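File shown: input_31.txt. Contents: compact mmCIF, N, CA and C atoms.
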```
# COMPACT_ATOMS: atom_id res chain seq x y z
N GLN R 1 119.90 100.85 116.35
CA GLN R 1 118.68 100.45 115.67
C GLN R 1 117.47 101.12 116.31
N VAL R 2 116.58 101.64 115.51
CA VAL R 2 115.40 102.30 116.03
C VAL R 2 114.44 101.27 116.59
N GLN R 3 113.78 101.64 117.69
CA GLN R 3 112.73 100.80 118.27
C GLN R 3 111.39 101.44 117.95
N LEU R 4 110.42 100.61 117.55
CA LEU R 4 109.11 101.10 117.16
C LEU R 4 108.05 100.46 118.05
N VAL R 5 107.15 101.27 118.57
CA VAL R 5 106.09 100.77 119.44
C VAL R 5 104.75 101.29 118.94
N GLU R 6 103.89 100.36 118.51
CA GLU R 6 102.57 100.73 118.02
C GLU R 6 101.56 100.76 119.17
N SER R 7 100.54 101.58 119.00
CA SER R 7 99.43 101.64 119.94
C SER R 7 98.19 102.11 119.22
N GLY R 8 97.04 101.96 119.88
CA GLY R 8 95.80 102.48 119.32
C GLY R 8 94.88 101.45 118.71
N GLY R 9 95.33 100.20 118.65
CA GLY R 9 94.47 99.17 118.10
C GLY R 9 93.32 98.85 119.05
N GLY R 10 92.38 98.04 118.55
CA GLY R 10 91.25 97.65 119.39
C GLY R 10 90.13 97.08 118.57
N LEU R 11 88.97 96.99 119.22
CA LEU R 11 87.77 96.46 118.58
C LEU R 11 86.84 97.62 118.23
N VAL R 12 86.37 97.63 117.00
CA VAL R 12 85.48 98.70 116.55
C VAL R 12 84.45 98.11 115.61
N GLN R 13 83.28 98.72 115.57
CA GLN R 13 82.24 98.27 114.65
C GLN R 13 82.52 98.78 113.24
N ALA R 14 82.01 98.06 112.28
CA ALA R 14 82.15 98.50 110.89
C ALA R 14 81.61 99.91 110.73
N GLY R 15 82.34 100.71 109.99
CA GLY R 15 81.99 102.10 109.81
C GLY R 15 82.65 103.04 110.80
N GLY R 16 83.26 102.47 111.82
CA GLY R 16 83.91 103.26 112.85
C GLY R 16 85.32 103.69 112.47
N SER R 17 85.99 104.32 113.43
CA SER R 17 87.33 104.86 113.19
C SER R 17 88.28 104.48 114.32
N LEU R 18 89.54 104.40 113.97
CA LEU R 18 90.62 104.22 114.94
C LEU R 18 91.81 105.02 114.45
N ARG R 19 92.65 105.45 115.39
CA ARG R 19 93.91 106.06 115.02
C ARG R 19 95.05 105.28 115.66
N LEU R 20 95.89 104.75 114.82
CA LEU R 20 97.07 104.05 115.29
C LEU R 20 98.23 105.02 115.41
N SER R 21 99.07 104.79 116.40
CA SER R 21 100.28 105.57 116.59
C SER R 21 101.48 104.64 116.62
N CYS R 22 102.60 105.15 116.18
CA CYS R 22 103.86 104.39 116.23
C CYS R 22 104.93 105.35 116.72
N ALA R 23 105.41 105.09 117.92
CA ALA R 23 106.46 105.93 118.51
C ALA R 23 107.81 105.30 118.25
N ALA R 24 108.74 106.12 117.79
CA ALA R 24 110.08 105.66 117.46
C ALA R 24 111.10 106.19 118.45
N SER R 25 112.07 105.38 118.77
CA SER R 25 113.15 105.81 119.66
C SER R 25 114.24 106.48 118.84
N GLY R 26 115.13 107.17 119.54
CA GLY R 26 116.32 107.70 118.91
C GLY R 26 116.14 109.03 118.23
N ARG R 27 117.18 109.43 117.48
CA ARG R 27 117.23 110.76 116.89
C ARG R 27 117.14 110.76 115.37
N THR R 28 116.83 109.62 114.79
CA THR R 28 116.84 109.54 113.32
C THR R 28 115.46 109.51 112.70
N PHE R 29 114.42 109.64 113.52
CA PHE R 29 113.06 109.47 113.00
C PHE R 29 112.79 110.42 111.84
N SER R 30 113.17 111.68 111.98
CA SER R 30 112.83 112.67 110.96
C SER R 30 113.47 112.36 109.61
N SER R 31 114.49 111.54 109.59
CA SER R 31 115.17 111.20 108.33
C SER R 31 114.80 109.80 107.83
N ARG R 32 113.73 109.26 108.38
CA ARG R 32 113.30 107.93 107.97
C ARG R 32 111.93 107.97 107.29
N SER R 33 111.83 107.34 106.15
CA SER R 33 110.52 107.07 105.59
C SER R 33 109.85 105.99 106.44
N MET R 34 108.53 106.12 106.62
CA MET R 34 107.81 105.23 107.53
C MET R 34 106.64 104.57 106.81
N GLY R 35 106.33 103.36 107.22
CA GLY R 35 105.23 102.65 106.59
C GLY R 35 104.36 101.91 107.58
N TRP R 36 103.17 101.59 107.14
CA TRP R 36 102.25 100.72 107.88
C TRP R 36 101.94 99.52 106.99
N PHE R 37 101.99 98.35 107.59
CA PHE R 37 101.63 97.10 106.93
C PHE R 37 100.64 96.38 107.82
N ARG R 38 99.97 95.38 107.29
CA ARG R 38 99.05 94.59 108.10
C ARG R 38 99.10 93.14 107.68
N GLN R 39 98.71 92.28 108.61
CA GLN R 39 98.71 90.85 108.33
C GLN R 39 97.53 90.20 109.03
N SER R 40 96.75 89.47 108.25
CA SER R 40 95.62 88.71 108.77
C SER R 40 96.04 87.25 108.90
N PRO R 41 95.35 86.48 109.73
CA PRO R 41 95.71 85.06 109.90
C PRO R 41 95.69 84.32 108.57
N GLY R 42 96.77 83.61 108.29
CA GLY R 42 96.86 82.84 107.07
C GLY R 42 97.19 83.64 105.84
N GLN R 43 97.39 84.94 106.01
CA GLN R 43 97.68 85.81 104.87
C GLN R 43 99.10 86.36 104.98
N GLU R 44 99.63 86.78 103.85
CA GLU R 44 100.94 87.43 103.86
C GLU R 44 100.78 88.87 104.35
N ARG R 45 101.88 89.39 104.86
CA ARG R 45 101.87 90.79 105.27
C ARG R 45 101.67 91.67 104.05
N GLU R 46 100.80 92.66 104.15
CA GLU R 46 100.52 93.52 103.01
C GLU R 46 100.71 94.99 103.36
N PHE R 47 101.07 95.72 102.35
CA PHE R 47 101.28 97.16 102.47
C PHE R 47 99.97 97.88 102.70
N VAL R 48 100.00 98.90 103.56
CA VAL R 48 98.84 99.74 103.80
C VAL R 48 99.10 101.18 103.35
N ALA R 49 100.15 101.78 103.90
CA ALA R 49 100.44 103.18 103.59
C ALA R 49 101.88 103.48 103.98
N CYS R 50 102.42 104.54 103.40
CA CYS R 50 103.75 104.99 103.80
C CYS R 50 103.87 106.49 103.58
N ILE R 51 104.86 107.06 104.24
CA ILE R 51 105.14 108.49 104.13
C ILE R 51 106.64 108.67 104.10
N SER R 52 107.11 109.46 103.16
CA SER R 52 108.54 109.63 102.99
C SER R 52 109.10 110.61 104.01
N TRP R 53 110.40 110.58 104.18
CA TRP R 53 111.04 111.65 104.93
C TRP R 53 111.31 112.80 103.95
N LEU R 54 111.70 113.94 104.43
CA LEU R 54 112.11 115.11 103.65
C LEU R 54 110.93 115.90 103.10
N ASN R 55 109.96 115.24 102.41
CA ASN R 55 108.88 116.00 101.80
C ASN R 55 107.50 115.39 102.01
N ASP R 56 107.42 114.37 102.90
CA ASP R 56 106.13 113.80 103.31
C ASP R 56 105.27 113.35 102.14
N VAL R 57 105.87 112.79 101.14
CA VAL R 57 105.08 112.17 100.07
C VAL R 57 104.44 110.90 100.62
N THR R 58 103.19 110.67 100.26
CA THR R 58 102.47 109.50 100.77
C THR R 58 102.08 108.54 99.65
N ASN R 59 101.86 107.31 100.04
CA ASN R 59 101.41 106.28 99.11
C ASN R 59 100.47 105.36 99.88
N TYR R 60 99.40 104.92 99.21
CA TYR R 60 98.40 104.09 99.88
C TYR R 60 98.07 102.87 99.03
N ALA R 61 97.73 101.80 99.71
CA ALA R 61 97.16 100.66 99.01
C ALA R 61 95.78 101.04 98.47
N ASP R 62 95.43 100.50 97.33
CA ASP R 62 94.14 100.82 96.73
C ASP R 62 92.98 100.51 97.68
N SER R 63 93.13 99.49 98.48
CA SER R 63 92.05 99.05 99.36
C SER R 63 91.75 100.03 100.48
N VAL R 64 92.67 100.96 100.75
CA VAL R 64 92.45 101.91 101.85
C VAL R 64 92.39 103.35 101.39
N LYS R 65 92.63 103.59 100.12
CA LYS R 65 92.61 104.98 99.62
C LYS R 65 91.26 105.63 99.90
N GLY R 66 91.33 106.86 100.39
CA GLY R 66 90.11 107.59 100.70
C GLY R 66 89.54 107.29 102.07
N ARG R 67 90.06 106.26 102.73
CA ARG R 67 89.59 105.91 104.08
C ARG R 67 90.67 106.09 105.14
N PHE R 68 91.90 105.79 104.80
CA PHE R 68 93.02 105.87 105.73
C PHE R 68 93.91 107.06 105.39
N THR R 69 94.50 107.66 106.42
CA THR R 69 95.44 108.76 106.23
C THR R 69 96.67 108.55 107.10
N ILE R 70 97.83 108.58 106.47
CA ILE R 70 99.08 108.48 107.22
C ILE R 70 99.65 109.88 107.42
N SER R 71 100.22 110.11 108.59
CA SER R 71 100.84 111.41 108.86
C SER R 71 101.98 111.19 109.85
N ARG R 72 102.79 112.20 110.01
CA ARG R 72 103.91 112.10 110.94
C ARG R 72 104.11 113.39 111.70
N ASP R 73 104.64 113.27 112.91
CA ASP R 73 105.00 114.42 113.73
C ASP R 73 106.45 114.20 114.14
N ASN R 74 107.36 114.86 113.46
CA ASN R 74 108.78 114.64 113.74
C ASN R 74 109.18 115.12 115.13
N ALA R 75 108.48 116.12 115.63
CA ALA R 75 108.79 116.62 116.97
C ALA R 75 108.47 115.59 118.04
N LYS R 76 107.53 114.70 117.74
CA LYS R 76 107.13 113.67 118.68
C LYS R 76 107.66 112.28 118.30
N ASN R 77 108.44 112.22 117.23
CA ASN R 77 108.96 110.92 116.77
C ASN R 77 107.85 109.90 116.57
N THR R 78 106.75 110.35 115.98
CA THR R 78 105.57 109.50 115.88
C THR R 78 104.97 109.56 114.48
N VAL R 79 104.54 108.41 114.00
CA VAL R 79 103.78 108.32 112.77
C VAL R 79 102.40 107.79 113.12
N TYR R 80 101.39 108.29 112.41
CA TYR R 80 100.01 107.95 112.71
C TYR R 80 99.35 107.31 111.49
N LEU R 81 98.33 106.52 111.79
CA LEU R 81 97.46 106.01 110.73
C LEU R 81 96.03 106.23 111.19
N GLN R 82 95.37 107.22 110.59
CA GLN R 82 93.97 107.47 110.87
C GLN R 82 93.14 106.57 109.96
N MET R 83 92.31 105.75 110.56
CA MET R 83 91.51 104.78 109.80
C MET R 83 90.03 105.09 109.99
N ASN R 84 89.38 105.46 108.92
CA ASN R 84 87.95 105.77 108.94
C ASN R 84 87.19 104.76 108.09
N SER R 85 85.88 104.74 108.28
CA SER R 85 85.01 103.84 107.51
C SER R 85 85.56 102.41 107.51
N LEU R 86 85.89 101.94 108.68
CA LEU R 86 86.51 100.63 108.78
C LEU R 86 85.56 99.52 108.37
N ARG R 87 86.15 98.48 107.79
CA ARG R 87 85.40 97.33 107.29
C ARG R 87 85.91 96.06 107.97
N PRO R 88 85.10 95.03 108.02
CA PRO R 88 85.58 93.77 108.62
C PRO R 88 86.86 93.26 107.96
N GLU R 89 87.02 93.51 106.68
CA GLU R 89 88.23 93.05 105.99
C GLU R 89 89.48 93.83 106.37
N ASP R 90 89.32 94.89 107.14
CA ASP R 90 90.49 95.61 107.66
C ASP R 90 91.05 94.96 108.91
N THR R 91 90.36 93.95 109.42
CA THR R 91 90.82 93.24 110.60
C THR R 91 92.18 92.61 110.34
N ALA R 92 93.15 92.92 111.20
CA ALA R 92 94.51 92.43 111.02
C ALA R 92 95.37 92.93 112.18
N VAL R 93 96.58 92.41 112.23
CA VAL R 93 97.61 93.01 113.07
C VAL R 93 98.31 94.06 112.20
N TYR R 94 98.40 95.25 112.71
CA TYR R 94 99.00 96.36 111.98
C TYR R 94 100.42 96.61 112.51
N TYR R 95 101.36 96.69 111.59
CA TYR R 95 102.76 96.86 111.92
C TYR R 95 103.28 98.19 111.37
N CYS R 96 104.06 98.84 112.18
CA CYS R 96 104.79 100.03 111.78
C CYS R 96 106.18 99.61 111.30
N ALA R 97 106.68 100.31 110.30
CA ALA R 97 108.00 99.99 109.75
C ALA R 97 108.76 101.26 109.44
N ALA R 98 110.08 101.18 109.58
CA ALA R 98 110.95 102.33 109.32
C ALA R 98 112.03 101.95 108.31
N ALA R 99 112.21 102.79 107.32
CA ALA R 99 113.33 102.60 106.39
C ALA R 99 114.62 103.07 107.06
N ARG R 100 115.72 102.76 106.46
CA ARG R 100 116.99 103.22 107.04
C ARG R 100 117.11 104.73 106.88
N PRO R 101 117.90 105.39 107.74
CA PRO R 101 117.99 106.85 107.70
C PRO R 101 118.44 107.38 106.35
N ALA R 102 117.83 108.49 105.95
CA ALA R 102 118.17 109.22 104.72
C ALA R 102 117.91 108.41 103.46
N TYR R 103 117.12 107.39 103.55
CA TYR R 103 116.73 106.60 102.37
C TYR R 103 115.31 106.97 102.02
N TRP R 104 115.17 107.71 100.91
CA TRP R 104 113.85 108.17 100.51
C TRP R 104 113.11 107.05 99.80
N THR R 105 111.91 106.72 100.29
CA THR R 105 111.12 105.70 99.63
C THR R 105 109.65 105.89 99.93
N VAL R 106 108.82 105.52 98.99
CA VAL R 106 107.39 105.35 99.22
C VAL R 106 107.00 103.98 98.69
N SER R 107 107.92 103.04 98.89
CA SER R 107 107.74 101.71 98.36
C SER R 107 106.67 100.92 99.11
N GLU R 108 106.01 100.05 98.39
CA GLU R 108 105.04 99.14 98.98
C GLU R 108 105.68 97.82 99.39
N SER R 109 106.96 97.67 99.12
CA SER R 109 107.66 96.42 99.43
C SER R 109 108.19 96.42 100.85
N SER R 110 107.92 95.37 101.58
CA SER R 110 108.43 95.27 102.95
C SER R 110 109.95 95.21 102.98
N ARG R 111 110.57 94.83 101.88
CA ARG R 111 112.04 94.74 101.84
C ARG R 111 112.71 96.10 101.94
N GLU R 112 111.95 97.17 101.69
CA GLU R 112 112.51 98.52 101.75
C GLU R 112 112.61 99.05 103.17
N TYR R 113 112.10 98.31 104.13
CA TYR R 113 112.01 98.80 105.50
C TYR R 113 112.92 97.98 106.40
N ALA R 114 113.67 98.69 107.24
CA ALA R 114 114.74 98.05 108.00
C ALA R 114 114.36 97.68 109.42
N ALA R 115 113.33 98.30 109.95
CA ALA R 115 112.95 98.05 111.34
C ALA R 115 111.44 97.93 111.44
N TRP R 116 111.00 97.09 112.37
CA TRP R 116 109.58 96.80 112.51
C TRP R 116 109.16 96.82 113.97
N GLY R 117 107.91 97.24 114.19
CA GLY R 117 107.34 97.15 115.51
C GLY R 117 106.74 95.78 115.75
N GLN R 118 106.18 95.60 116.94
CA GLN R 118 105.61 94.31 117.32
C GLN R 118 104.17 94.14 116.83
N GLY R 119 103.54 95.20 116.45
CA GLY R 119 102.19 95.12 115.91
C GLY R 119 101.11 95.44 116.93
N THR R 120 99.98 95.87 116.43
CA THR R 120 98.80 96.15 117.25
C THR R 120 97.58 95.58 116.53
N GLN R 121 96.73 94.90 117.29
CA GLN R 121 95.58 94.23 116.70
C GLN R 121 94.45 95.21 116.45
N VAL R 122 93.89 95.14 115.25
CA VAL R 122 92.68 95.88 114.90
C VAL R 122 91.63 94.86 114.50
N THR R 123 90.48 94.93 115.16
CA THR R 123 89.38 94.01 114.86
C THR R 123 88.14 94.83 114.55
N VAL R 124 87.57 94.60 113.39
CA VAL R 124 86.37 95.32 112.96
C VAL R 124 85.23 94.33 112.89
N SER R 125 84.22 94.57 113.69
CA SER R 125 83.07 93.67 113.71
C SER R 125 82.00 94.15 112.75
N SER R 126 81.26 93.19 112.20
CA SER R 126 80.22 93.54 111.23
C SER R 126 78.89 93.77 111.91
```
Show me the file's structure as structure tokens.
Amino acid sequence: QVQLVESGGGLVQAGGSLRLSCAASGRTFSSRSMGWFRQSPGQEREFVACISWLNDVTNYADSVKGRFTISRDNAKNTVYLQMNSLRPEDTAVYYCAAARPAYWTVSESSREYAAWGQGTQVTVSS
């Protein structure tokens, strides 16, 4: 089973930027579609962005389109989430997720992802 470790969260003012990283263990990263989800207190976990394996197709939640960018570096076994123009409503714990190997997906459903990281807190102050 792949292990996922997120980093890069923190406190930032509205309008600022952060880049989240998710490092994956093992040798299957390049064949896994990857996603980012977030969860605020009292809210359900929601989809943020994902990137497929094989051809790097991306998908974004409407709420982050044009502000967030997902990317991957297979040589480093890492997926990134560049977050610009942050808003207080982006405050949440951000989770990295991995689909099973060789399963192509750009799904927004958490059920499509087989492994999850522990999360990193992002707080945006107004």
Exercise for the section: Just the residues within 7 Å of Ser25 of chain R, please, counting all atoms listed in the file, with nothing from its chain fewer than 6 positions along; format it as a PyMOL selection string. Expected result: chain R and resi 1-5+77
Practice task
For Gly35 of chain R, please output as a list in words all residues within 6 Å (counting all atoms listed in the file; exclusion window: fewer than 5 positions along the same chain).
Solution key: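 Close residues of Gly35 of chain R: Ala49, Cys50, Ile51, Tyr95, Cys96, Ala97, Ala98 and Ala99 of chain R.
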Practice task
Find the residues around Asp62 of chain R up to 8 Å (all atoms listed in the file counted), leave out those fewer than 3 positions away in its own chain, and share them as a list of chain:residue names.
Solution key: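 Here the qualifying residues turn out to be R:Phe47, R:Val48, R:Asn59, R:Lys65, R:Gly66.
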Exercise for the section: Could you pull out every residue with an atom within 6 Å of (93.9, 101.1, 118.1), file coordinates, counting only C-alpha atoms, and send them as JSON, numbers by chain? Expected result: {"R": [7, 8, 9, 10, 18, 19, 20]}
Exercise for the section: In Å, rounded to a single decimal, give me how far atom CA of Thr123 of chain R is from atom N of Asn74 of chain R. Expected result: 27.6 Å
Exercise for the section: Could you jot down the atom N of Met83 of chain R to atom N of Ile70 of chain R separation for me, Å, one decimal place? Expected result: 7.4 Å
Practice task
One decimal, Å: what's the distance from atom CA of Ser40 of chain R over to atom N of Asp90 of chain R, could you say?
Solution key: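 If I compute the distance from atom CA of Ser40 of chain R to atom N of Asp90 of chain R, I get 9.0 Å.
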Practice task
Find the residues around Glu46 of chain R up to 7 Å (only N, CA and C atoms counted), leave out those fewer than 4 positions away in its own chain, and share them as a count of residues only.
Solution key: 6
